[in-house]
Amino acid sequence: MAAPAMEGAAVMALRSVMLRVRQSAERSGRRPELVRVVAVSKTKPISLIREVYDAGHRCFGENYVQEIVDKAPQLPEDIKWHFVGHLQSNKVKTLLSGVPNLAMVHGVDNEKVANYLDRTVSSIGRNPLKVLVQVNTSGEVSKSGVEPSDCVELAKHVKLQCPNLEFSGLMTIGMPDYTSTPDNFRTLSNCKAEVCKALGMAEEQCELSMGMSGDFEQAIEMGSTSVRIGSTIFGPREYPKKHPN
C-alpha cells in the first residue's frame, strides 16, 4: 500500500517531539534511547491513536480507568499502555483485567493501592507489574502523591512487601502552569537518591517519570527517563462531558 502523501498533524508532531527528546538527551550527555515518550491520548479517538501507532510509536498513556479499558481492546496488543496519575483502589481490578498489555502504573501513592495491585496481579496471573511511586513535589493540597519525606517508606513497601509488583522508580506531576519547574524535578531527583540508597538500588535502575508538554526538555536534562506528552502530539484536549475516573 502506498504511503499517504501527507502525514497527519499528530504524526508530524510526534516526529518533532522525538527530535526534541533526542536533542535534549544529547545536550545532557545521555543516550536518547533511555528516554521513553509516553504519548498521552486522553479524550482522543481510537483513529488518532492508530495514526500515531502506524507511524511506529508503541507507548501510550491514559489518565482515566474507563477510557483505557474502552480503548485498549480496540487497538493492537503490542501497545505498551501506561496508566498515569491517581488510581483508586476500587478501580484496580477493572484496570488490570481490562488491559492485559498494561506496562506500567505511574502513580502509586499509598500502601493500600499498592496492596490491591499486588493481590490483583497475583489473582489474575499476569506478569509482575512495573509501578512508580508518585511524589507530591509541588506541595499542592489538590495533588496526589506522598510527601517527599515519605517516599522512601512507600518505595520500601512496594519493593519488599509486594512481590507481584516491580518497584521501578518515582513520578511527579508539576503545577499545570509549570511554575513548579524545575524545583519539582530537583525534589524528585533528591528523592531518587534517597530511595536508591535506602533500597541498595543502582541509580540507573530507578526511573524518573517527570516532564510534560511544556517542560519535557528541561526534565530530560535533569534526568527524566519517561516524559508524558499529550497536547503537543495530539492537540488540545476535548472534554465533551465530565469524565468519571
# chains A, B, ... in the order shown; residues from 1 in each chain; ligands from 1
call {"tool": "residues_around", "arguments": {"residues": "segment 206-221 of chain A", "least_positions_apart": "4", "cutoff": "6 Å", "atoms": "only C-alpha atoms", "output": "ChimeraX atom specification"}}
result
/A:24,28,168-172,225-229,232
call {"tool": "write_last_selection", "arguments": {"atoms": "N, CA and C atoms", "output": "PDB file, in the first residue's frame"}}
result
ATOM      1  N   SER A  24      17.612  16.986  23.542  1.00  0.00           N
ATOM      2  CA  SER A  24      17.727  17.259  24.991  1.00  0.00           C
ATOM      3  C   SER A  24      18.617  16.225  25.659  1.00  0.00           C
ATOM      4  N   SER A  28      22.555  16.808  27.391  1.00  0.00           N
ATOM      5  CA  SER A  28      22.907  16.482  28.778  1.00  0.00           C
ATOM      6  C   SER A  28      23.765  15.223  28.862  1.00  0.00           C
ATOM      7  N   SER A 168       9.808   0.428  40.156  1.00  0.00           N
ATOM      8  CA  SER A 168      10.621   0.866  39.018  1.00  0.00           C
ATOM      9  C   SER A 168      11.095   2.307  39.116  1.00  0.00           C
ATOM     10  N   GLY A 169      10.602   3.048  40.129  1.00  0.00           N
ATOM     11  CA  GLY A 169      11.069   4.423  40.245  1.00  0.00           C
ATOM     12  C   GLY A 169       9.999   5.356  40.789  1.00  0.00           C
ATOM     13  N   LEU A 170      10.133   6.628  40.450  1.00  0.00           N
ATOM     14  CA  LEU A 170       9.301   7.684  41.021  1.00  0.00           C
ATOM     15  C   LEU A 170       8.690   8.544  39.921  1.00  0.00           C
ATOM     16  N   MET A 171       7.547   9.148  40.214  1.00  0.00           N
ATOM     17  CA  MET A 171       6.951  10.088  39.254  1.00  0.00           C
ATOM     18  C   MET A 171       6.410  11.297  39.984  1.00  0.00           C
ATOM     19  N   THR A 172       6.295  12.402  39.241  1.00  0.00           N
ATOM     20  CA  THR A 172       5.677  13.598  39.797  1.00  0.00           C
ATOM     21  C   THR A 172       4.874  14.302  38.723  1.00  0.00           C
ATOM     22  N   THR A 225      13.466   9.796  32.787  1.00  0.00           N
ATOM     23  CA  THR A 225      13.546   8.635  31.888  1.00  0.00           C
ATOM     24  C   THR A 225      12.210   8.402  31.180  1.00  0.00           C
ATOM     25  N   SER A 226      11.187   9.171  31.572  1.00  0.00           N
ATOM     26  CA  SER A 226       9.854   8.989  30.990  1.00  0.00           C
ATOM     27  C   SER A 226       9.174  10.344  30.937  1.00  0.00           C
ATOM     28  N   VAL A 227       8.901  10.835  29.725  1.00  0.00           N
ATOM     29  CA  VAL A 227       8.163  12.095  29.607  1.00  0.00           C
ATOM     30  C   VAL A 227       6.770  11.783  29.077  1.00  0.00           C
ATOM     31  N   ARG A 228       5.782  12.523  29.579  1.00  0.00           N
ATOM     32  CA  ARG A 228       4.388  12.231  29.268  1.00  0.00           C
ATOM     33  C   ARG A 228       3.834  13.383  28.424  1.00  0.00           C
ATOM     34  N   ILE A 229       3.684  13.128  27.127  1.00  0.00           N
ATOM     35  CA  ILE A 229       3.347  14.204  26.196  1.00  0.00           C
ATOM     36  C   ILE A 229       1.944  13.981  25.640  1.00  0.00           C
ATOM     37  N   THR A 232       0.861  18.330  22.967  1.00  0.00           N
ATOM     38  CA  THR A 232       1.847  18.673  21.938  1.00  0.00           C
ATOM     39  C   THR A 232       1.793  17.682  20.778  1.00  0.00           C
TER      40      THR A 232
END
call {"tool": "residues_around", "arguments": {"residues": "Phe60 of chain A", "least_positions_apart": "4", "cutoff": "6 Å", "atoms": "only C-alpha atoms", "output": "list in words"}}
result
Val38, Ala39, Val40 and Trp81 of chain A
call {"tool": "write_last_selection", "arguments": {"atoms": "N, CA, C and O atoms", "output": "PDB file, in the first residue's frame"}}
result
ATOM      1  N   VAL A  38       5.890   8.762  26.503  1.00  0.00           N
ATOM      2  CA  VAL A  38       4.539   8.225  26.674  1.00  0.00           C
ATOM      3  C   VAL A  38       3.582   9.216  26.003  1.00  0.00           C
ATOM      4  O   VAL A  38       3.451  10.354  26.446  1.00  0.00           O
ATOM      5  N   ALA A  39       2.962   8.779  24.914  1.00  0.00           N
ATOM      6  CA  ALA A  39       2.004   9.645  24.205  1.00  0.00           C
ATOM      7  C   ALA A  39       0.663   9.545  24.929  1.00  0.00           C
ATOM      8  O   ALA A  39      -0.004   8.512  24.886  1.00  0.00           O
ATOM      9  N   VAL A  40       0.303  10.619  25.637  1.00  0.00           N
ATOM     10  CA  VAL A  40      -0.900  10.584  26.482  1.00  0.00           C
ATOM     11  C   VAL A  40      -2.110  10.983  25.640  1.00  0.00           C
ATOM     12  O   VAL A  40      -2.245  12.124  25.217  1.00  0.00           O
ATOM     13  N   TRP A  81       0.794   0.074  27.295  1.00  0.00           N
ATOM     14  CA  TRP A  81      -0.058   1.090  27.922  1.00  0.00           C
ATOM     15  C   TRP A  81       0.506   1.502  29.282  1.00  0.00           C
ATOM     16  O   TRP A  81       0.951   0.661  30.058  1.00  0.00           O
TER      17      TRP A  81
END
call {"tool": "residues_around", "arguments": {"residues": "segment 69-74 of chain A", "least_positions_apart": "4", "cutoff": "7 Å", "atoms": "only C-alpha atoms", "output": "PDB file with C-alpha atoms, in the first residue's frame"}}
result
ATOM      1  CA  ILE A  46      -9.011   5.492  18.507  1.00  0.00           C
ATOM      2  CA  VAL A  65      -9.542   3.841  34.001  1.00  0.00           C
ATOM      3  CA  LEU A  95      -7.830  -1.748  35.054  1.00  0.00           C
ATOM      4  CA  GLY A  98      -9.303  -4.898  31.136  1.00  0.00           C
ATOM      5  CA  VAL A  99      -5.776  -4.075  29.939  1.00  0.00           C
TER       6      VAL A  99
END
call {"tool": "select_by_dssp", "arguments": {"residues": "segment 14-146 of chain A", "states": "alpha helix (DSSP H)", "output": "PyMOL selection string"}}
result
chain A and resi 14-27+46-54+65-71+92-98+111-124
call {"tool": "atom_distance", "arguments": {"atom1": "atom CA of Gly174 of chain A", "atom2": "atom CA of Glu140 of chain A"}}
result
9.2 Å
call {"tool": "closest_residue", "arguments": {"among": "A:Cys59, A:Leu154, A:Ala9, A:Leu87", "to": "Leu117 of chain A", "atoms": "only C-alpha atoms"}}
result
A:Leu87
call {"tool": "select_by_dssp", "arguments": {"residues": "segment 126-156 of chain A", "states": "strand (DSSP E)", "output": "PDB file with N, CA, C and O atoms, in the first residue's frame"}}
result
ATOM      1  N   LEU A 129       3.899  -6.389  37.674  1.00  0.00           N
ATOM      2  CA  LEU A 129       3.579  -5.083  37.094  1.00  0.00           C
ATOM      3  C   LEU A 129       4.576  -4.030  37.573  1.00  0.00           C
ATOM      4  O   LEU A 129       4.854  -3.930  38.767  1.00  0.00           O
ATOM      5  N   LYS A 130       5.104  -3.266  36.630  1.00  0.00           N
ATOM      6  CA  LYS A 130       6.010  -2.182  36.996  1.00  0.00           C
ATOM      7  C   LYS A 130       5.201  -1.005  37.541  1.00  0.00           C
ATOM      8  O   LYS A 130       4.187  -0.619  36.942  1.00  0.00           O
ATOM      9  N   VAL A 131       5.647  -0.465  38.671  1.00  0.00           N
ATOM     10  CA  VAL A 131       4.955   0.688  39.243  1.00  0.00           C
ATOM     11  C   VAL A 131       5.962   1.762  39.643  1.00  0.00           C
ATOM     12  O   VAL A 131       7.106   1.470  39.995  1.00  0.00           O
ATOM     13  N   LEU A 132       5.473   2.991  39.563  1.00  0.00           N
ATOM     14  CA  LEU A 132       6.246   4.144  40.031  1.00  0.00           C
ATOM     15  C   LEU A 132       5.507   4.746  41.219  1.00  0.00           C
ATOM     16  O   LEU A 132       4.280   4.841  41.200  1.00  0.00           O
ATOM     17  N   VAL A 133       6.243   5.145  42.218  1.00  0.00           N
ATOM     18  CA  VAL A 133       5.655   5.819  43.383  1.00  0.00           C
ATOM     19  C   VAL A 133       5.496   7.299  43.050  1.00  0.00           C
ATOM     20  O   VAL A 133       6.431   7.946  42.571  1.00  0.00           O
ATOM     21  N   GLN A 134       4.280   7.810  43.253  1.00  0.00           N
ATOM     22  CA  GLN A 134       4.017   9.222  42.953  1.00  0.00           C
ATOM     23  C   GLN A 134       4.361  10.097  44.153  1.00  0.00           C
ATOM     24  O   GLN A 134       3.909   9.848  45.270  1.00  0.00           O
TER      25      GLN A 134
END
